[in-house]
file structure-v6.txt (compact mmCIF, C-alpha atoms)
# COMPACT_ATOMS: atom_id res chain seq x y z
CA MET N 1 1.41 -57.59 9.05
CA ASN N 2 -2.01 -56.89 7.77
CA ALA N 3 -2.85 -54.60 4.83
CA MET N 4 -3.81 -51.68 7.07
CA THR N 5 -0.44 -51.73 8.83
CA VAL N 6 1.42 -51.81 5.52
CA PHE N 7 -0.71 -48.94 4.23
CA LEU N 8 -0.06 -46.83 7.35
CA PHE N 9 3.65 -47.62 7.21
CA ALA N 10 3.80 -46.60 3.51
CA LEU N 11 1.84 -43.44 4.27
CA ALA N 12 4.24 -42.58 7.09
CA LEU N 13 7.23 -43.11 4.76
CA ILE N 14 5.68 -40.86 2.12
CA GLY N 15 4.95 -38.21 4.75
CA LEU N 16 8.54 -38.41 6.00
CA ALA N 17 9.89 -38.11 2.46
CA VAL N 18 7.70 -35.07 1.78
CA ALA N 19 8.83 -33.45 5.04
CA ILE N 20 12.50 -34.05 4.21
CA LEU N 21 12.12 -32.68 0.68
CA PHE N 22 10.14 -29.68 1.96
CA ASN N 23 12.87 -28.89 4.49
CA MET N 24 15.52 -29.14 1.75
CA LEU N 25 13.56 -26.65 -0.36
CA VAL N 26 13.20 -24.29 2.60
CA GLN N 27 16.93 -24.49 3.26
CA ARG N 28 17.75 -23.66 -0.38
CA ARG N 29 15.26 -20.80 -0.40
CA GLN N 30 16.87 -19.36 2.72
CA LEU N 31 20.32 -19.53 1.09
CA VAL N 32 18.98 -17.71 -1.97
CA ASN N 33 17.30 -15.06 0.21
CA ASN N 34 20.48 -14.63 2.22
CA GLY N 35 22.51 -14.27 -0.96
CA TRP N 36 20.12 -11.67 -2.35
CA SER N 37 20.27 -9.75 0.92
CA ASP N 38 24.08 -9.62 0.69
CA ILE N 39 23.87 -8.29 -2.88
CA ASP N 40 21.27 -5.72 -1.84
CA VAL N 41 23.45 -4.46 1.03
CA GLN N 42 26.47 -4.00 -1.25
CA LEU N 43 24.43 -2.32 -4.00
CA LYS N 44 23.03 0.10 -1.43
CA ARG N 45 26.56 0.76 -0.18
CA ARG N 46 27.62 1.57 -3.74
CA ALA N 47 24.57 3.80 -4.21
CA ASP N 48 25.46 5.62 -0.99
CA LEU N 49 29.03 6.26 -2.20
CA ILE N 50 27.95 7.74 -5.52
CA PRO N 51 26.55 11.08 -4.22
CA SER N 52 29.81 11.76 -2.37
CA LEU N 53 31.75 10.91 -5.50
CA VAL N 54 29.59 13.19 -7.64
CA THR N 55 29.92 16.03 -5.13
CA THR N 56 33.70 15.66 -5.09
CA VAL N 57 33.96 15.68 -8.88
CA LYS N 58 31.46 18.57 -9.15
CA GLU N 59 33.87 20.78 -7.25
CA TYR N 60 36.42 20.37 -10.05
CA ALA N 61 34.29 19.76 -13.14
CA LYS N 62 31.34 22.11 -12.85
CA HIS N 63 30.50 21.98 -16.57
CA GLU N 64 29.65 18.23 -16.52
CA ARG N 65 26.04 18.86 -15.43
CA ASP N 66 24.52 16.41 -17.94
CA LEU N 67 26.68 13.59 -16.61
CA PHE N 68 25.81 14.43 -12.99
CA SER N 69 22.09 14.48 -13.86
CA GLU N 70 22.38 11.14 -15.63
CA ILE N 71 24.11 9.58 -12.62
CA ILE N 72 21.42 10.88 -10.25
CA GLU N 73 18.67 9.59 -12.54
CA LYS N 74 20.26 6.13 -12.95
CA ARG N 75 21.01 5.89 -9.22
CA THR N 76 17.36 6.61 -8.40
CA ALA N 77 16.25 3.98 -10.91
CA ALA N 78 18.66 1.43 -9.43
CA MET N 79 17.51 2.11 -5.88
CA THR N 80 13.85 1.67 -6.85
CA ALA N 81 14.35 -1.39 -9.11
CA GLY N 82 13.18 -3.75 -6.36
CA ASP N 83 14.07 -7.37 -5.70
CA ASP N 84 13.67 -8.79 -9.20
CA PRO N 85 17.22 -9.81 -10.15
CA GLU N 86 16.64 -9.14 -13.85
CA ALA N 87 15.27 -5.61 -13.33
CA ARG N 88 17.87 -4.81 -10.68
CA SER N 89 20.67 -6.08 -12.89
CA ALA N 90 19.55 -3.88 -15.78
CA ALA N 91 19.25 -0.83 -13.53
CA GLU N 92 22.65 -1.43 -11.92
CA SER N 93 24.30 -1.88 -15.32
CA ALA N 94 22.71 1.36 -16.51
CA LEU N 95 24.09 3.14 -13.43
CA ALA N 96 27.60 1.75 -13.86
CA LYS N 97 28.00 3.32 -17.31
CA PRO N 98 27.75 7.01 -16.27
CA VAL N 99 29.78 6.33 -13.12
CA SER N 100 32.54 4.95 -15.34
CA LYS N 101 32.29 8.13 -17.45
CA LEU N 102 32.72 10.11 -14.24
CA PHE N 103 36.09 8.46 -13.68
CA ALA N 104 37.04 9.25 -17.27
CA VAL N 105 36.16 12.90 -16.65
CA ALA N 106 38.39 12.84 -13.58
CA GLU N 107 41.33 12.07 -15.86
CA ASP N 108 41.10 15.63 -17.20
CA TYR N 109 41.56 17.14 -13.74
CA PRO N 110 44.98 16.36 -12.20
CA GLU N 111 44.09 18.19 -8.97
CA LEU N 112 40.99 15.98 -8.64
CA LYS N 113 43.01 12.81 -9.20
CA ALA N 114 45.33 13.94 -6.41
CA SER N 115 42.46 14.71 -4.01
CA GLU N 116 42.52 12.52 -0.89
CA ASN N 117 38.73 12.48 -0.79
CA PHE N 118 38.46 11.36 -4.43
CA LEU N 119 41.10 8.68 -4.00
CA ASP N 120 39.38 7.38 -0.86
CA LEU N 121 35.99 7.27 -2.59
CA GLN N 122 37.60 5.54 -5.56
CA ARG N 123 39.15 2.93 -3.25
CA GLN N 124 35.88 2.37 -1.37
CA LEU N 125 33.98 1.97 -4.62
CA GLY N 126 36.53 -0.58 -5.84
CA GLU N 127 36.22 -2.55 -2.60
CA THR N 128 32.43 -2.43 -2.83
CA GLU N 129 32.50 -3.70 -6.41
CA ASP N 130 34.61 -6.65 -5.23
CA LYS N 131 32.08 -7.37 -2.46
CA ILE N 132 29.23 -7.16 -4.97
CA GLU N 133 31.02 -9.72 -7.13
CA MET N 134 31.51 -12.09 -4.17
CA ALA N 135 27.87 -11.69 -3.09
CA ARG N 136 26.70 -12.25 -6.67
CA ARG N 137 28.68 -15.47 -6.91
CA PHE N 138 27.25 -16.74 -3.61
CA TYR N 139 23.71 -15.81 -4.66
CA ASN N 140 24.03 -17.38 -8.10
CA GLY N 141 25.45 -20.56 -6.53
CA ALA N 142 22.49 -20.71 -4.14
CA VAL N 143 20.10 -20.10 -7.06
CA ARG N 144 21.78 -22.89 -9.03
CA GLN N 145 21.30 -25.30 -6.10
CA MET N 146 17.68 -24.21 -5.63
CA ASN N 147 16.87 -24.51 -9.33
CA THR N 148 18.52 -27.93 -9.54
CA LEU N 149 16.50 -29.17 -6.58
CA VAL N 150 13.23 -27.71 -7.91
CA GLN N 151 13.83 -29.36 -11.31
CA SER N 152 14.90 -32.74 -9.88
CA PHE N 153 12.62 -35.75 -9.55
CA PRO N 154 10.67 -36.31 -7.28
CA VAL N 155 10.90 -32.77 -5.88
CA ASN N 156 9.63 -31.29 -9.14
CA LEU N 157 6.33 -33.12 -8.62
CA MET N 158 5.54 -31.18 -5.47
CA ALA N 159 7.72 -28.03 -5.49
CA SER N 160 5.24 -25.72 -7.20
CA GLY N 161 2.39 -27.06 -5.10
CA LEU N 162 4.36 -26.17 -1.98
CA GLY N 163 5.12 -22.66 -3.26
CA PHE N 164 8.65 -23.20 -4.54
CA ALA N 165 9.79 -22.09 -7.96
CA GLU N 166 12.99 -21.50 -9.87
CA ARG N 167 14.80 -18.24 -9.13
CA ARG N 168 16.60 -15.92 -11.53
CA TYR N 169 20.33 -15.39 -11.56
CA PHE N 170 21.78 -11.94 -10.93
CA GLU N 171 24.10 -10.92 -13.73
CA ILE N 172 26.08 -7.74 -14.24
CA ASP N 173 28.52 -7.60 -17.13
CA ALA N 174 32.09 -7.09 -16.03
CA SER N 175 32.24 -4.20 -18.50
CA ASP N 176 29.40 -2.51 -16.58
CA ARG N 177 31.20 -2.46 -13.26
CA ALA N 178 31.79 1.02 -11.87
CA THR N 179 35.26 0.15 -10.67
CA PRO N 180 38.07 2.44 -11.66
CA SER N 181 41.51 1.05 -12.38
CA ILE N 182 44.19 2.31 -10.05
CA ASP N 183 47.80 2.72 -11.08
CA LEU N 184 50.72 2.51 -8.67
CA ASP N 185 50.87 6.31 -8.37
CA GLY N 186 47.42 6.29 -6.79
CA GLY N 187 45.53 7.83 -9.71
CA ALA N 188 42.77 6.43 -11.84
CA VAL N 189 43.77 4.85 -15.11

call {"tool": "encode", "arguments": {"input": "structure-v6.txt", "output": "structure tokens"}}
result
Amino acid sequence: MNAMTVFLFALALIGLAVAILFNMLVQRRQLVNNGWSDIDVQLKRRADLIPSLVTTVKEYAKHERDLFSEIIEKRTAAMTAGDDPEARSAAESALAKPVSKLFAVAEDYPELKASENFLDLQRQLGETEDKIEMARRFYNGAVRQMNTLVQSFPVNLMASGLGFAERRYFEIDASDRATPSIDLDGGAV
């Protein structure tokens, strides 16, 4: 083999390695995007349930106007927070706090706690919170894989040049979840 053949062979190997690494980065990015999409769908589902919940509680607790206004304000902020996981996380946590207060208010109204509509909304919200948690775990796992690949040698040498960067995790404190506890009698606890 002459020097030109060796050079072309080495160049082909480098090109193949870059193509393989690029495809691995694309695959990880797609997993992260898919995970974020799942979170977004569940957060929108939760946001869609909240107006029905507020309307149901309003029928029984008309004097809680400040709480209802706060929920509407925080819901709007959460829906417009965009795709930045950090901003969205903060907005969703801020929304969860007044929604949790709404369930506390419901404790003062036995007829509300017995309402089929309220109980159904409460159940749906609980299921949605569980789905958000599953989607968050999937997303954060995909982000961990992406970040590990982007930081690993030799990928780190070319990742930023190819348009790949680390992604942020999506975190919501468990204490900020809008999930009510349900006792065996079917009421909120």

call {"tool": "residues_around", "arguments": {"input": "structure-v6.txt", "residues": "stretch 83-89 of chain N", "least_positions_apart": "2", "cutoff": "12 Å", "atoms": "only C-alpha atoms", "output": "PyMOL selection string"}}
result
chain N and resi 32-33+35-37+39-41+43-44+74-81+91-96+132+136+139-140+143+167-174+176-177

call {"tool": "axis_aligned_box", "arguments": {"input": "structure-v6.txt", "around": "stretch 167-173 of chain N", "padding_each_side": "5 Å", "output": "lines of an AutoDock Vina configuration file"}}
result
center_x = 21.7
center_y = -12.9
center_z = -13.1
size_x = 23.7
size_y = 20.6
size_z = 18.0

call {"tool": "residues_around", "arguments": {"input": "structure-v6.txt", "residues": "N:Met146", "least_positions_apart": "3", "cutoff": "10 Å", "atoms": "only C-alpha atoms", "output": "JSON, numbers by chain"}}
result
{"N": [24, 25, 26, 27, 28, 29, 30, 31, 32, 140, 141, 142, 143, 149, 150, 151, 152, 164, 165, 166, 167]}

call {"tool": "closest_residue", "arguments": {"input": "structure-v6.txt", "among": "N:Phe9, N:Phe153, N:Phe118, N:Phe22", "to": "N:Leu53", "atoms": "all atoms listed in the file"}}
result
N:Phe118

call {"tool": "atom_distance", "arguments": {"input": "structure-v6.txt", "atom1": "atom CA of N:Thr56", "atom2": "atom CA of N:Asn117"}}
result
7.3 Å

call {"tool": "closest_residue", "arguments": {"input": "structure-v6.txt", "among": "N:Ser69, N:Asn23, N:Thr148, N:Gln122", "to": "N:Phe103", "atoms": "all atoms listed in the file"}}
result
N:Gln122

call {"tool": "closest_residue", "arguments": {"input": "structure-v6.txt", "among": "N:Leu8, N:Ala61, N:Val54, N:Ala47", "to": "N:Pro110", "atoms": "all atoms listed in the file"}}
result
N:Ala61

call {"tool": "residues_around", "arguments": {"input": "structure-v6.txt", "residues": "N:Leu125", "least_positions_apart": "3", "cutoff": "10 Å", "atoms": "only C-alpha atoms", "output": "PyMOL selection string"}}
result
chain N and resi 45-50+53+119-122+128-131+178-180

call {"tool": "closest_residue", "arguments": {"input": "structure-v6.txt", "among": "N:Leu102, N:Met1, N:Leu21, N:Leu13", "to": "N:Pro51", "atoms": "only C-alpha atoms"}}
result
N:Leu102

call {"tool": "atom_distance", "arguments": {"input": "structure-v6.txt", "atom1": "atom CA of N:Ile14", "atom2": "atom CA of N:Ala159"}}
result
15.1 Å

call {"tool": "atom_distance", "arguments": {"input": "structure-v6.txt", "atom1": "atom CA of N:Ala135", "atom2": "atom CA of N:Ile71"}}
result
23.6 Å

call {"tool": "decode", "arguments": {"input": "structure-v6.txt", "residues": "stretch 152-174 of chain N", "atoms": "N, CA and C atoms", "output": "CSV table (one decimal), in the first residue's frame"}}
result
chain,number,residue,atom,x,y,z
N,152,SER,N,-18.8,13.0,26.6
N,152,SER,CA,-17.8,11.9,26.4
N,152,SER,C,-16.8,12.2,25.3
N,153,PHE,N,-15.6,11.7,25.5
N,153,PHE,CA,-14.6,11.8,24.4
N,153,PHE,C,-14.8,10.6,23.5
N,154,PRO,N,-14.7,10.8,22.2
N,154,PRO,CA,-14.3,11.9,21.4
N,154,PRO,C,-15.5,12.8,20.9
N,155,VAL,N,-16.7,12.4,21.3
N,155,VAL,CA,-17.9,13.1,20.9
N,155,VAL,C,-17.8,14.6,21.3
N,156,ASN,N,-17.3,14.8,22.5
N,156,ASN,CA,-17.3,16.2,23.0
N,156,ASN,C,-16.4,17.1,22.1
N,157,LEU,N,-15.5,16.6,21.3
N,157,LEU,CA,-14.7,17.4,20.4
N,157,LEU,C,-15.5,17.9,19.2
N,158,MET,N,-16.6,17.2,18.9
N,158,MET,CA,-17.3,17.7,17.7
N,158,MET,C,-18.8,18.0,18.0
N,159,ALA,N,-19.3,17.7,19.1
N,159,ALA,CA,-20.7,17.8,19.4
N,159,ALA,C,-21.2,19.3,19.2
N,160,SER,N,-20.5,20.2,19.8
N,160,SER,CA,-21.0,21.6,19.7
N,160,SER,C,-20.8,22.1,18.2
N,161,GLY,N,-19.8,21.7,17.5
N,161,GLY,CA,-19.6,22.1,16.1
N,161,GLY,C,-20.7,21.5,15.2
N,162,LEU,N,-21.4,20.4,15.7
N,162,LEU,CA,-22.4,19.8,14.9
N,162,LEU,C,-23.8,20.3,15.4
N,163,GLY,N,-23.8,21.2,16.4
N,163,GLY,CA,-25.1,21.7,16.8
N,163,GLY,C,-25.7,21.0,18.0
N,164,PHE,N,-24.9,20.2,18.7
N,164,PHE,CA,-25.5,19.4,19.8
N,164,PHE,C,-24.9,20.0,21.1
N,165,ALA,N,-25.8,20.1,22.1
N,165,ALA,CA,-25.4,20.7,23.4
N,165,ALA,C,-26.1,19.9,24.5
N,166,GLU,N,-25.7,20.1,25.7
N,166,GLU,CA,-26.3,19.5,26.9
N,166,GLU,C,-27.7,20.1,27.0
N,167,ARG,N,-28.6,19.2,27.5
N,167,ARG,CA,-30.0,19.7,27.8
N,167,ARG,C,-30.3,19.7,29.3
N,168,ARG,N,-31.3,20.5,29.6
N,168,ARG,CA,-31.6,20.7,31.1
N,168,ARG,C,-32.6,19.6,31.5
N,169,TYR,N,-32.5,19.2,32.7
N,169,TYR,CA,-33.5,18.3,33.3
N,169,TYR,C,-34.8,19.0,33.6
N,170,PHE,N,-35.8,18.3,33.7
N,170,PHE,CA,-37.1,18.9,34.1
N,170,PHE,C,-37.5,18.4,35.5
N,171,GLU,N,-37.5,19.3,36.4
N,171,GLU,CA,-37.7,18.9,37.8
N,171,GLU,C,-38.9,19.7,38.4
N,172,ILE,N,-39.8,18.9,39.1
N,172,ILE,CA,-40.9,19.5,39.8
N,172,ILE,C,-40.8,18.8,41.2
N,173,ASP,N,-40.7,19.6,42.2
N,173,ASP,CA,-40.7,19.0,43.6
N,173,ASP,C,-42.0,18.2,43.8
N,174,ALA,N,-41.8,17.1,44.5
N,174,ALA,CA,-43.0,16.3,44.8
N,174,ALA,C,-44.0,17.1,45.7
